[in-house]
Amino acid sequence: MGVLSDHVMEEIRALPPQFPEVRSAVMPALDLAQEEIGYLTPEAMSDVAAALNLDPGYVEGVATFYTLFHTEPTGKHRLYMCTNISCKLRGADDLLEHAMRSVGVHEQGEVSADGLFSVEAVECLGACEYAPMMRLDHAYHYDLTPEKVDELITARRNPSPPVPARQTKPRTPRRQKTDG
Amino acid sequence: MAELRGTTNGPVLTRWFGTDDLHRIDVYERLGGYVALRKAITTMTPDQIVQEIKDSGLRGRGGADFSTGVKWSLMPKESAVPMHLVVNADESEPGSAKDRYLMENSPHMLLEGVGIAAYAIRSHQAWIYIRGEYDLPFARLTAGIEEMRAKGYLGPKPFGADWELDIRIFRGHGAYICGEEGALLESLEGKRAQPRAWKPPYPAQKGAWGRPTTVNNVETISTVPFIIDRGAAEYAKFGTEKAKGTRMFTVSGHVQRPGNYEMEIGKTYRDLIEGLAGGALPGRTIKCWWPGGSSSPVMPGDLLDTTTDLDGIKNLANLKDHPAPPLNMGGRGFATMGGSGGVIVMDDTFCAVKAAHRLLQFYAHESCGKCTPCRVGGNWAVRAYDAILSGNGGPQEIKILERVQEGLQGGRCLCGLGDAAGWVIASSLTHYRNEYEEHALHNVCSAEKVGMAANA
């Protein structure tokens, strides 16, 4: 039994004509699957493989290669904290620990008890002039301090008005023509 | 949007930066945008454009520093299958943020350059491969493409010319290796991003989907409209005799004004770090700096007068009284390299061993696993650093690092990731051996003491 909804399966089946070859649709397809169910279960990868008529092993090979694909559950809000050298020189390690304490997790990748948060240390996010920084809910947050991190977390615990999470992600435009 | 940190009203790339809403097509056009694209496709032949770019001296700004015009001239003039321009917008070299700065502030400069470059190489379908984390640049480029389409600059007969162009965006999903040309093409084809086997065939023969392809960096392509609009000679007025133009530098780390700065090539890193970026933090001393991302061998702080042209950066003699690290790039000795222009500055409060440890964790994590020396070498180094920094190391760990750096270097792997990891160890160990020995032999960190005194 599939886990992806009919409309997501339909969206995935509509992807290949945008590319010269069907395999190029794998990552956009995995994106749609992850958007819908939160992380990539074997069933979700199997659905993607079926929609694109590809070997599920191939799909898993791609899904497990890239860090933005998750094969384990994550929090509704993922804190991707840059800890590479430019941010590290400006205090990223302490901020990472602070963020984990603040959301109540003991290790990276762990989901907070309320299901809202997970924290990951990531490599350079290319915003070094604003170090230390992180990506959260598809936006960059700059010049971080423990207070700023707490504010961002509190705003998501008590949303008023609700802070959109995954819905805000811009998707690959659908208007792209089929390959000539 | 966050405040702009970097050059505004600069000489070439940033000449319109600082204008409100520069990302909108009407603002960009009011300042003179799209004049170059119109000129190119209505009054010039593809070969004339290639010649103009050759004459300008423009070289690849992604780190490879190869002549852009020559690269374009390698594309076939006729092809039975479609040909592609692919823009490498997968900026992920630690310390490099300049492509993001260009794309989110002036997306149309890149898109206009894409139009000109695609026309020059006779491609009707260009792809921008952008790293998945770049949400704002992606949104800006997506909106920009729609604005172009609405104006008729994309699709059939832009500006009435007998020509057709489509620009598409492909989002990456987090892998440093995708900045490598072959790995990027594999990823665009929907595969695990692993570098391709030795060349030939070159991408100009068989690139994306087996079709003739040119891959260029964001900054390189963003420079093209200026050259076509103002002429090659106008661009070549900037720079030195051998290294033409301006380039973007990201300055990060321990400086007063981190930012993305446009500077004429040939000026010194002192002009950049102490001038534009404001120099060291109060009361601190610059201990070392990486000229072009973490992959460029680290340079001691007293060598800031190194010039930013090729001769200045590569020349071993410019290391002056410092020992030359055992760097092996295709057998040639070199001091360091300009790389992606990501200048990382570190002061005397931070430990050289801890910095190298963090970078080796990065290279070990980002190794794609295809070539064994890189797949295992990075981990050997990380374990040695772990031992040294936890007080469980000794002289043998330093020996391990010496052997591992050699094993990573020298073209043993398909791409430069392994070499870069080796260079980090080799350059750090050569210039800061005393700190390695303090940690390994005495479990002492002198930088930490400086840091504690500075913060006291």
# chains A, B, ... in the order shown; residues from 1 in each chain; ligands from 1
$ interface_residues --of "chain B" --to "chain A" --cutoff "6 Å" --atoms "only C-alpha atoms" --output "list in words"
Pro94, Gly95, Ser96, Ala97, His173, Gly174, Ala175, Glu189, Gly190, Arg192, Ser252, Gly253, Pro258 and Gly259 of chain B
$ residues_around --residues "A:Glu110" --least-positions-apart "2" --cutoff "12 Å" --atoms "only C-alpha atoms" --output "list in words"
Glu72, Pro73, Thr74, Gly75, Lys76, Arg78, Leu79, Met100, Arg101, Val103, Gly104, Val105, His106, Glu107, Gln108, Ser112, Ala113, Asp114, Gly115, Leu116, Phe117, Ser118, Val119 and Glu120 of chain A
$ residues_around --residues "stretch 346-358 of chain B" --least-positions-apart "5" --cutoff "6 Å" --atoms "only C-alpha atoms" --output "PyMOL selection string"
chain B and resi 254+285-288+385+447+450-451
$ write_last_selection --atoms "C-alpha atoms" --output "mmCIF file, in the first residue's frame"
data_model
loop_
_atom_site.group_PDB
_atom_site.id
_atom_site.type_symbol
_atom_site.label_atom_id
_atom_site.label_comp_id
_atom_site.auth_asym_id
_atom_site.auth_seq_id
_atom_site.Cartn_x
_atom_site.Cartn_y
_atom_site.Cartn_z
ATOM 1 C CA HIS B 254 37.687 37.405 13.088
ATOM 2 C CA THR B 285 46.250 39.897 16.098
ATOM 3 C CA ILE B 286 45.536 38.066 12.852
ATOM 4 C CA LYS B 287 47.140 34.675 13.187
ATOM 5 C CA CYS B 288 46.290 33.191 9.810
ATOM 6 C CA TYR B 385 43.017 15.090 15.589
ATOM 7 C CA ALA B 447 45.761 29.842 21.882
ATOM 8 C CA VAL B 450 45.433 33.977 24.694
ATOM 9 C CA GLY B 451 41.673 33.737 24.202
#
$ closest_residue --among "A:Leu4, A:Leu30, A:Ala99, A:Ala50" --to "A:Lys148" --atoms "only C-alpha atoms"
A:Ala99
$ residues_around --residues "B:Pro195" --least-positions-apart "4" --cutoff "9 Å" --atoms "only C-alpha atoms" --output "JSON, numbers by chain"
{"B": [177, 178, 180, 181, 182, 183, 184, 185, 186, 368, 370, 414, 415]}
$ residues_around --residues "B:Gly115" --least-positions-apart "5" --cutoff "10 Å" --atoms "only C-alpha atoms" --output "number ranges by chain"
B: 34, 36-38, 40-41, 85, 110, 120, 123-126, 153-154, 164-167, 221, 224-225
$ select_by_dssp --residues "stretch 152-338 of chain B" --states "helix (DSSP H, G or I)" --output "PyMOL selection string"
chain B and resi 158-160+176-179+181-188+208-210+218-230+232-236+269-276+301-303+310-314+316-319
$ select_by_dssp --residues "stretch 75-308 of chain B" --states "strand (DSSP E or B)" --output "PyMOL selection string"
chain B and resi 84-89+125-130+155-156+164-171+213-217+239+244+246-253+259-265+267-268+286-290+299-300+307
$ atom_distance --atom1 "atom CA of B:Thr308" --atom2 "atom CA of B:Pro291"
8.6 Å
$ closest_residue --among "B:Glu91, B:Glu3, B:Glu52, B:Glu366" --to "B:Glu234" --atoms "only C-alpha atoms"
B:Glu52
$ residues_around --residues "stretch 15-25 of chain B" --least-positions-apart "5" --cutoff "6 Å" --atoms "only C-alpha atoms" --output "tab-separated table (two decimals) with N, CA, C and O atoms, in the first residue's frame"
chain	number	residue	atom	x	y	z
B	8	THR	N	28.88	48.12	-2.20
B	8	THR	CA	27.81	48.70	-3.01
B	8	THR	C	28.47	49.72	-3.94
B	8	THR	O	29.54	50.24	-3.64
B	9	ASN	N	27.84	49.97	-5.07
B	9	ASN	CA	28.40	50.92	-6.05
B	9	ASN	C	29.84	50.58	-6.42
B	9	ASN	O	30.69	51.47	-6.52
B	10	GLY	N	30.13	49.29	-6.58
B	10	GLY	CA	31.48	48.86	-6.93
B	10	GLY	C	31.76	49.04	-8.41
B	10	GLY	O	30.95	49.57	-9.15
B	105	ASN	N	20.74	39.67	-4.45
B	105	ASN	CA	20.63	41.11	-4.65
B	105	ASN	C	20.42	41.50	-6.11
B	105	ASN	O	19.74	42.48	-6.40
B	106	SER	N	21.04	40.77	-7.02
B	106	SER	CA	20.94	41.14	-8.43
B	106	SER	C	20.74	39.91	-9.31
B	106	SER	O	21.57	39.59	-10.15
B	107	PRO	N	19.59	39.23	-9.14
B	107	PRO	CA	19.37	38.00	-9.90
B	107	PRO	C	19.36	38.22	-11.40
B	107	PRO	O	19.78	37.35	-12.17
$ residues_around --residues "B:Glu402" --least-positions-apart "2" --cutoff "12 Å" --atoms "only C-alpha atoms" --output "PyMOL selection string"
chain B and resi 325-327+377+380-381+384-385+395-400+404-409+422-430+433+436
$ decode --residues "stretch 4-32 of chain A" --atoms "N, CA, C and O atoms" --output "PDB file, in the first residue's frame"
ATOM      1  N   LEU A   4       1.913   7.803  -0.060  1.00  0.00           N
ATOM      2  CA  LEU A   4       1.766   9.151  -0.611  1.00  0.00           C
ATOM      3  C   LEU A   4       0.350   9.341  -1.144  1.00  0.00           C
ATOM      4  O   LEU A   4      -0.259   8.407  -1.670  1.00  0.00           O
ATOM      5  N   SER A   5      -0.148  10.544  -0.992  1.00  0.00           N
ATOM      6  CA  SER A   5      -1.519  10.815  -1.437  1.00  0.00           C
ATOM      7  C   SER A   5      -1.598  10.779  -2.967  1.00  0.00           C
ATOM      8  O   SER A   5      -0.587  10.901  -3.664  1.00  0.00           O
ATOM      9  N   ASP A   6      -2.804  10.628  -3.451  1.00  0.00           N
ATOM     10  CA  ASP A   6      -3.000  10.548  -4.904  1.00  0.00           C
ATOM     11  C   ASP A   6      -2.493  11.809  -5.597  1.00  0.00           C
ATOM     12  O   ASP A   6      -1.887  11.747  -6.660  1.00  0.00           O
ATOM     13  N   HIS A   7      -2.746  12.962  -4.949  1.00  0.00           N
ATOM     14  CA  HIS A   7      -2.359  14.186  -5.675  1.00  0.00           C
ATOM     15  C   HIS A   7      -0.843  14.348  -5.716  1.00  0.00           C
ATOM     16  O   HIS A   7      -0.287  14.841  -6.687  1.00  0.00           O
ATOM     17  N   VAL A   8      -0.130  13.886  -4.655  1.00  0.00           N
ATOM     18  CA  VAL A   8       1.332  13.951  -4.699  1.00  0.00           C
ATOM     19  C   VAL A   8       1.864  12.956  -5.741  1.00  0.00           C
ATOM     20  O   VAL A   8       2.782  13.277  -6.507  1.00  0.00           O
ATOM     21  N   MET A   9       1.275  11.769  -5.782  1.00  0.00           N
ATOM     22  CA  MET A   9       1.692  10.799  -6.803  1.00  0.00           C
ATOM     23  C   MET A   9       1.474  11.378  -8.200  1.00  0.00           C
ATOM     24  O   MET A   9       2.302  11.206  -9.104  1.00  0.00           O
ATOM     25  N   GLU A  10       0.384  12.107  -8.339  1.00  0.00           N
ATOM     26  CA  GLU A  10       0.090  12.731  -9.632  1.00  0.00           C
ATOM     27  C   GLU A  10       1.137  13.796  -9.971  1.00  0.00           C
ATOM     28  O   GLU A  10       1.632  13.872 -11.097  1.00  0.00           O
ATOM     29  N   GLU A  11       1.489  14.594  -8.946  1.00  0.00           N
ATOM     30  CA  GLU A  11       2.521  15.621  -9.158  1.00  0.00           C
ATOM     31  C   GLU A  11       3.849  14.975  -9.545  1.00  0.00           C
ATOM     32  O   GLU A  11       4.580  15.487 -10.399  1.00  0.00           O
ATOM     33  N   ILE A  12       4.171  13.867  -8.907  1.00  0.00           N
ATOM     34  CA  ILE A  12       5.437  13.190  -9.209  1.00  0.00           C
ATOM     35  C   ILE A  12       5.414  12.639 -10.636  1.00  0.00           C
ATOM     36  O   ILE A  12       6.385  12.772 -11.385  1.00  0.00           O
ATOM     37  N   ARG A  13       4.295  12.064 -11.016  1.00  0.00           N
ATOM     38  CA  ARG A  13       4.218  11.513 -12.379  1.00  0.00           C
ATOM     39  C   ARG A  13       4.306  12.611 -13.439  1.00  0.00           C
ATOM     40  O   ARG A  13       4.684  12.357 -14.584  1.00  0.00           O
ATOM     41  N   ALA A  14       3.991  13.853 -13.023  1.00  0.00           N
ATOM     42  CA  ALA A  14       4.049  14.965 -13.983  1.00  0.00           C
ATOM     43  C   ALA A  14       5.457  15.557 -14.102  1.00  0.00           C
ATOM     44  O   ALA A  14       5.706  16.412 -14.946  1.00  0.00           O
ATOM     45  N   LEU A  15       6.383  15.104 -13.266  1.00  0.00           N
ATOM     46  CA  LEU A  15       7.732  15.702 -13.269  1.00  0.00           C
ATOM     47  C   LEU A  15       8.607  15.324 -14.473  1.00  0.00           C
ATOM     48  O   LEU A  15       9.265  16.195 -15.052  1.00  0.00           O
ATOM     49  N   PRO A  16       8.671  14.051 -14.845  1.00  0.00           N
ATOM     50  CA  PRO A  16       9.663  13.659 -15.860  1.00  0.00           C
ATOM     51  C   PRO A  16       9.656  14.471 -17.152  1.00  0.00           C
ATOM     52  O   PRO A  16      10.741  14.770 -17.671  1.00  0.00           O
ATOM     53  N   PRO A  17       8.492  14.882 -17.681  1.00  0.00           N
ATOM     54  CA  PRO A  17       8.545  15.626 -18.947  1.00  0.00           C
ATOM     55  C   PRO A  17       9.312  16.944 -18.846  1.00  0.00           C
ATOM     56  O   PRO A  17       9.685  17.521 -19.873  1.00  0.00           O
ATOM     57  N   GLN A  18       9.565  17.431 -17.621  1.00  0.00           N
ATOM     58  CA  GLN A  18      10.324  18.678 -17.477  1.00  0.00           C
ATOM     59  C   GLN A  18      11.824  18.473 -17.686  1.00  0.00           C
ATOM     60  O   GLN A  18      12.572  19.441 -17.723  1.00  0.00           O
ATOM     61  N   PHE A  19      12.242  17.206 -17.775  1.00  0.00           N
ATOM     62  CA  PHE A  19      13.677  16.931 -17.847  1.00  0.00           C
ATOM     63  C   PHE A  19      13.993  16.073 -19.068  1.00  0.00           C
ATOM     64  O   PHE A  19      13.147  15.308 -19.529  1.00  0.00           O
ATOM     65  N   PRO A  20      15.236  16.179 -19.530  1.00  0.00           N
ATOM     66  CA  PRO A  20      15.632  15.332 -20.664  1.00  0.00           C
ATOM     67  C   PRO A  20      15.581  13.842 -20.334  1.00  0.00           C
ATOM     68  O   PRO A  20      15.357  13.028 -21.212  1.00  0.00           O
ATOM     69  N   GLU A  21      15.819  13.480 -19.067  1.00  0.00           N
ATOM     70  CA  GLU A  21      15.750  12.070 -18.692  1.00  0.00           C
ATOM     71  C   GLU A  21      14.989  11.928 -17.376  1.00  0.00           C
ATOM     72  O   GLU A  21      15.062  12.799 -16.507  1.00  0.00           O
ATOM     73  N   VAL A  22      14.322  10.795 -17.222  1.00  0.00           N
ATOM     74  CA  VAL A  22      13.417  10.602 -16.086  1.00  0.00           C
ATOM     75  C   VAL A  22      14.152  10.667 -14.745  1.00  0.00           C
ATOM     76  O   VAL A  22      13.613  11.163 -13.757  1.00  0.00           O
ATOM     77  N   ARG A  23      15.399  10.214 -14.700  1.00  0.00           N
ATOM     78  CA  ARG A  23      16.096  10.169 -13.413  1.00  0.00           C
ATOM     79  C   ARG A  23      16.254  11.551 -12.780  1.00  0.00           C
ATOM     80  O   ARG A  23      16.325  11.692 -11.561  1.00  0.00           O
ATOM     81  N   SER A  24      16.335  12.580 -13.625  1.00  0.00           N
ATOM     82  CA  SER A  24      16.471  13.940 -13.084  1.00  0.00           C
ATOM     83  C   SER A  24      15.274  14.329 -12.224  1.00  0.00           C
ATOM     84  O   SER A  24      15.335  15.285 -11.461  1.00  0.00           O
ATOM     85  N   ALA A  25      14.188  13.585 -12.340  1.00  0.00           N
ATOM     86  CA  ALA A  25      12.989  13.901 -11.552  1.00  0.00           C
ATOM     87  C   ALA A  25      13.035  13.286 -10.153  1.00  0.00           C
ATOM     88  O   ALA A  25      12.160  13.568  -9.324  1.00  0.00           O
ATOM     89  N   VAL A  26      14.048  12.453  -9.879  1.00  0.00           N
ATOM     90  CA  VAL A  26      14.062  11.743  -8.600  1.00  0.00           C
ATOM     91  C   VAL A  26      14.120  12.706  -7.412  1.00  0.00           C
ATOM     92  O   VAL A  26      13.344  12.581  -6.459  1.00  0.00           O
ATOM     93  N   MET A  27      15.041  13.682  -7.466  1.00  0.00           N
ATOM     94  CA  MET A  27      15.168  14.575  -6.308  1.00  0.00           C
ATOM     95  C   MET A  27      13.944  15.476  -6.115  1.00  0.00           C
ATOM     96  O   MET A  27      13.442  15.591  -4.991  1.00  0.00           O
ATOM     97  N   PRO A  28      13.429  16.108  -7.174  1.00  0.00           N
ATOM     98  CA  PRO A  28      12.183  16.860  -6.971  1.00  0.00           C
ATOM     99  C   PRO A  28      11.051  15.966  -6.460  1.00  0.00           C
ATOM    100  O   PRO A  28      10.236  16.404  -5.644  1.00  0.00           O
ATOM    101  N   ALA A  29      11.032  14.714  -6.885  1.00  0.00           N
ATOM    102  CA  ALA A  29       9.985  13.800  -6.432  1.00  0.00           C
ATOM    103  C   ALA A  29      10.146  13.467  -4.947  1.00  0.00           C
ATOM    104  O   ALA A  29       9.182  13.466  -4.177  1.00  0.00           O
ATOM    105  N   LEU A  30      11.399  13.204  -4.549  1.00  0.00           N
ATOM    106  CA  LEU A  30      11.643  12.920  -3.129  1.00  0.00           C
ATOM    107  C   LEU A  30      11.295  14.130  -2.267  1.00  0.00           C
ATOM    108  O   LEU A  30      10.819  13.988  -1.136  1.00  0.00           O
ATOM    109  N   ASP A  31      11.533  15.321  -2.820  1.00  0.00           N
ATOM    110  CA  ASP A  31      11.156  16.551  -2.136  1.00  0.00           C
ATOM    111  C   ASP A  31       9.665  16.571  -1.845  1.00  0.00           C
ATOM    112  O   ASP A  31       9.233  16.866  -0.729  1.00  0.00           O
ATOM    113  N   LEU A  32       8.861  16.263  -2.857  1.00  0.00           N
ATOM    114  CA  LEU A  32       7.401  16.266  -2.695  1.00  0.00           C
ATOM    115  C   LEU A  32       6.984  15.233  -1.650  1.00  0.00           C
ATOM    116  O   LEU A  32       6.116  15.502  -0.808  1.00  0.00           O
TER     117      LEU A  32
END
